Structure formats: structure tokens, C-alpha cells
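Participant: Take a look at this one; I'll ask things after.
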Amino acid sequence: MNSRLRPWREAATVVLAAGGGGEASGGRAAFDYEVLLLRRSPRSAFMPSAHVFPGGVADAADFSPEWLPLLPAPPPAVRAGGPPRPPLFAAERPELGSPLPGEVAFRICAIRETFEEAGVLLLAPADQGRPAPGRPARLLPAGRLPPAAELGEWRRRVQRQPGAFLQLCRHLRCAPNIWALHEWSDWLTPAGRAGRGGRRYDTAFYLCCLGQRPPPASHDQQEVTAYQWTKPPEAIELFKSQDIWIPPPQFYELCRLCNFPLLHDLHKFGFERALEGCERWMPVLLIASDGYMQLLPGDELYPEDPDFTGERKPMLTTNKKIEDVLKEAARLHRIVIQDLNNVAIHVNVQPKYKHINPLPLNTKTGNNSRL
Ligand SMILES: CC(C)(COP(=O)(O)O)[C@@H](O)C(=O)NCCC(=O)NCCSC(=O)CC(=O)O
Ligand SMILES: Nc1ncnc2c1ncn2[C@@H]1O[C@H](COP(=O)(O)O)[C@@H](OP(=O)(O)O)[C@H]1O
Ligand SMILES: [Mg+2]
């Protein structure tokens, strides 16, 4: 990516859910699937030790035209649509000389990163033809994979050289299962929250539902130091009890998933909704006297002309307390952060593009009554 043209890096991440086959009934136990969370290394320059979904920065190799003969055609519904898209997908990249559209390359990126960071290979046989988007995806049968040691060697090669992912796919006569990933959201790191060295990310979030038990994963002991498959409400509980720290975008998305106890419902919602479009969200920080808020588009305090580069006014400030700021507002779409693990989403606006609002789960002790 040409970082000189944009003050942020372009990245992709995948909310990987696996399970299914559950019964519809109330309570947390009713969740019939788990999502993959990875703990970032404490040495990471950005969000050290945070629990996130697998993902990372796009590489020129994700845009290689050499992918084209390997990839299946998009399902008809995907090709027919022309919904509103974030700039990440729409931007032309003549600097890469690549005919690969962003919507393909960022999916390849998310799948490559999932292999690098968690050892999970989201591939489909290259001769499989068009996917059936109506059903959750499945992984390759174990018989199509090389022995574990050989696969481990491939993984290290891909980590060193992302172009090796194409070689691996050719070797296995497989292709990244790109159409099993459904566009879900797009988060841009707030100006004023850049990590060491000014790191900010415009990150495409995809949803991928696997209609099978969570596959074995493994961390890489470098960028990622632990992994866990967890039900969305359990992840919120772990956050609340300070066992893990989840950054605001991932917290927001886990609270959205809490609307769907069943994998099949989540998958159906995810692939149908993706056809409606998606917009990029850059939270704008409002610092209050006893904490801060991340204002999101649609909130009445969200600026009409947000400062994307952070050169003008990356943060708003007030002397008031959070409670008083909240009382004064009618149209709410914000993440309220009183301290590291005391986070609540306040939203009463209609989500765009047929998306769903997060369940209002305050992580303050005793407040998760909806679970
Ligand atoms: C996948 C990433 C872009 C990381 O890339 P890397 O593996 O380091 O190459 C990951 O950062 C990600 O999923 N980002 C999503 C959007 C984002 O940047 N969120 C950070 C928000 S920081 C924040 O809100 C802090 C706060 O106010 O508490
Ligand atoms: N052993 C390690 N500990 C911490 N971070 C590591 C690491 N090995 C690699 N990384 C970091 O992981 C990031 C690559 O992530 P990804 O492949 O998901 O995009 C790089 O961050 P930077 O790009 O910020 O330097 C790299 O420095
Ligand atoms: Mg990463």
C-alpha cells in the first residue's frame, strides 16, 4: 500500500464464528457458536496485549494478478449489487498495477492473516466452482492438507513473505474461500489514538461463519501470544472481569453478535446484509471530566466535518461529567469509556444499510441483565 498517500495503513480482519446446530432458547448457554479471539503480543507497537480478531495490514501480494486464475467467480448476488462502499474497497490502486478489486484483495488479506496468526486455513478446493452463500462455510477436509510439520513450515514462509500464500494455495490446488467472508463493517483508528510511530488503520471487518465445531488453532508466539474460541457474551464477561482487554471496535462488534444466539441466524443476517452496503466509521473522541466517549456517525455530537488526519481538531473536550453529557443528548451513537474495562455503548439511532445495533451491555459489574 502506498502509505505516503494516506496517513493510515489499510488492513482487514475476520470475525470468525464456528459451531451451529443449536436450539433457540434464552440465556447465554443458548449460544451455539464461538468466535476466535487472539491476544496481541505485549511487544506490539499498536494495542499491545489486546484481544482482537485475526487480521493485519494488506500486502501488495494480496493484490497480485496471479490470484485471478485461481479464484472462483463471485456469487451472482454479490456481482449484481452496487451498494455504498467504504473508500477502502472503492479506491483504485494503479501503483500496484493490479486488476484485482479491493473487495477481493482485502478478503485474501484477512484469510492470509488468519493463517499466519492462528494457523486456521480458510480455503476451498479451486475446482469447487461458485460457492453456495446460503450456507455457512466449511474448512477443507483434513485429507487435503499437508502434514502438520509441513503446514507449519508454510506458515513461517507466509509470515516472512506474504507472496508464499499464493504458492501454498497453488500447491494445495485450493483458493482462499473469499466469498465465505461477508462485509460487516469498516473502522478507522481515531485521530488521536494512533499507536507508536503514528500507527492508524483503516480496517475492513468481515464475518465468516463456519458450520462446524471450532477448528484447532495455534498462536505464533510472536505477533500473537494466545488464542481462544469464546461465545460472544462470554468474551464480554471476560472483559468485564478484567481478564482480557478488548478494544472499542471489537467490543462493539461482539455486542452486535450478542443479538444472534444461533450461528445459522448470524450467517443468514451477515450474508444478506452485506449486499446492502457499508460505511467507514472513524470514532471522534470527546474527553469529559471523568472519562471519554467515542462518538460515532449518527450521534448528534458527531462533527459534520470530522478531522480525519488529526491536523485540525482530533479531539473534543468538555468540563462536564459523562453522566451530564449523556443526559443532554437525544440522538445517541457512542461508546462511553469510564475506565479501561468499564465500557458501555449508547445507541438509539437506526443503523444504516440494514445493520443491527449492539445489545446495550454495560460492562460495569451487575449490569449485563440482557444476557
Ligand atoms: C488488524 C489490526 C489493524 C492490527 O493490525 P496488525 O496486526 O498490527 O498489523 C487491528 O488493529 C484492528 O483490528 N484494528 C481495528 C480498528 C482499530 O484500529 N481500532 C483501534 C481503536 S484504538 C482505540 O479506540 C483506543 C481507545 O480509545 O480505547
Ligand atoms: N515477535 C513480535 N512481537 C510483537 N510484534 C511483532 C512480532 N513479530 C511481528 N510483529 C509485528 O506484527 C505486525 C505485523 O502484523 P500483521 O502481519 O498482522 O499486519 C508488525 O507490526 P507493524 O506493522 O506495526 O510494525 C510487526 O512488527
Ligand atoms: Mg495482526
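Residue names in the C-alpha cells use chain letters A, B, ... in the order shown, residue numbers from 1 in each chain, and ligand numbers from 1 in the order shown.
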Distance limit 10 Å, reference ligand 3, atoms considered: only C-alpha atoms and all ligand atoms. Which residues make the cut? Give them as an MDAnalysis selection string.

Facilitator: chainID A and resid 11:13 38:41 44 46 52:57 110 113:114 116:118 223:224

Participant: Compile the contact shell of A:Ala235 as a PyMOL selection string: residues with an atom at most 12 Å away, counting only C-alpha atoms, same-chain residues fewer than 5 positions apart removed.

Facilitator: chain A and resi 28+34-38+51-53+228-230+240-246+250-255+257-258+361+363+371

Participant: Using the chain letters and numbers from this document, which residues of stretch 263-307 of chain A does DSSP assign to alpha helix (DSSP H), as a list in words?

Facilitator: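 In stretch 263-307 of chain A, DSSP puts these residues in alpha helix (DSSP H): Leu263, His264, Asp265, Leu266, His267, Lys268, Phe269, Gly270, Phe271, Glu272 and Arg273 of chain A.
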
Participant: Store the residues picked out above, limited to N, CA, C and O atoms, as a CSV table (one decimal), in the first residue's frame.

Facilitator:
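The result, stored in out.csv:
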chain,number,residue,atom,x,y,z
A,263,LEU,N,-25.7,-19.7,15.2
A,263,LEU,CA,-24.8,-19.4,14.1
A,263,LEU,C,-25.6,-19.3,12.7
A,263,LEU,O,-25.3,-18.4,11.9
A,264,HIS,N,-26.6,-20.1,12.5
A,264,HIS,CA,-27.3,-20.0,11.2
A,264,HIS,C,-28.0,-18.7,11.1
A,264,HIS,O,-28.0,-18.1,10.0
A,265,ASP,N,-28.5,-18.1,12.2
A,265,ASP,CA,-29.2,-16.8,12.1
A,265,ASP,C,-28.1,-15.7,11.8
A,265,ASP,O,-28.4,-14.8,11.1
A,266,LEU,N,-27.0,-15.8,12.5
A,266,LEU,CA,-25.9,-14.9,12.3
A,266,LEU,C,-25.4,-14.9,10.8
A,266,LEU,O,-25.3,-13.9,10.2
A,267,HIS,N,-25.3,-16.1,10.3
A,267,HIS,CA,-24.8,-16.2,8.9
A,267,HIS,C,-25.8,-15.7,8.0
A,267,HIS,O,-25.4,-14.9,7.1
A,268,LYS,N,-27.1,-16.0,8.1
A,268,LYS,CA,-28.1,-15.5,7.2
A,268,LYS,C,-28.1,-14.0,7.2
A,268,LYS,O,-28.2,-13.3,6.2
A,269,PHE,N,-28.1,-13.4,8.5
A,269,PHE,CA,-28.1,-12.0,8.6
A,269,PHE,C,-26.9,-11.4,7.9
A,269,PHE,O,-27.0,-10.5,7.1
A,270,GLY,N,-25.7,-12.0,8.2
A,270,GLY,CA,-24.5,-11.5,7.7
A,270,GLY,C,-24.4,-11.4,6.2
A,270,GLY,O,-24.0,-10.4,5.6
A,271,PHE,N,-24.8,-12.5,5.5
A,271,PHE,CA,-24.6,-12.5,4.1
A,271,PHE,C,-25.6,-11.7,3.3
A,271,PHE,O,-25.4,-11.1,2.3
A,272,GLU,N,-26.9,-11.7,3.9
A,272,GLU,CA,-27.9,-10.9,3.3
A,272,GLU,C,-27.6,-9.4,3.5
A,272,GLU,O,-27.8,-8.6,2.6
A,273,ARG,N,-27.2,-9.1,4.7
A,273,ARG,CA,-27.0,-7.7,5.0
A,273,ARG,C,-25.8,-7.1,4.2
A,273,ARG,O,-25.8,-5.9,3.8

Participant: Rank A:Glu10, A:Glu183, A:Glu311, A:Asp324 by their smallest atom-to-atom distance to ligand 2, using only C-alpha atoms and all ligand atoms, and report the top residue only.

Facilitator: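 With only C-alpha atoms and all ligand atoms as the atom set, the closest residue is A:Glu10.
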
Participant: My list of candidates is A:Gly129, A:Phe239, A:Leu70, A:Ala105. Which is closest to A:Cys174 when distances are computed with only C-alpha atoms?

Facilitator: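 Closest to A:Cys174, using only C-alpha atoms: A:Leu70.
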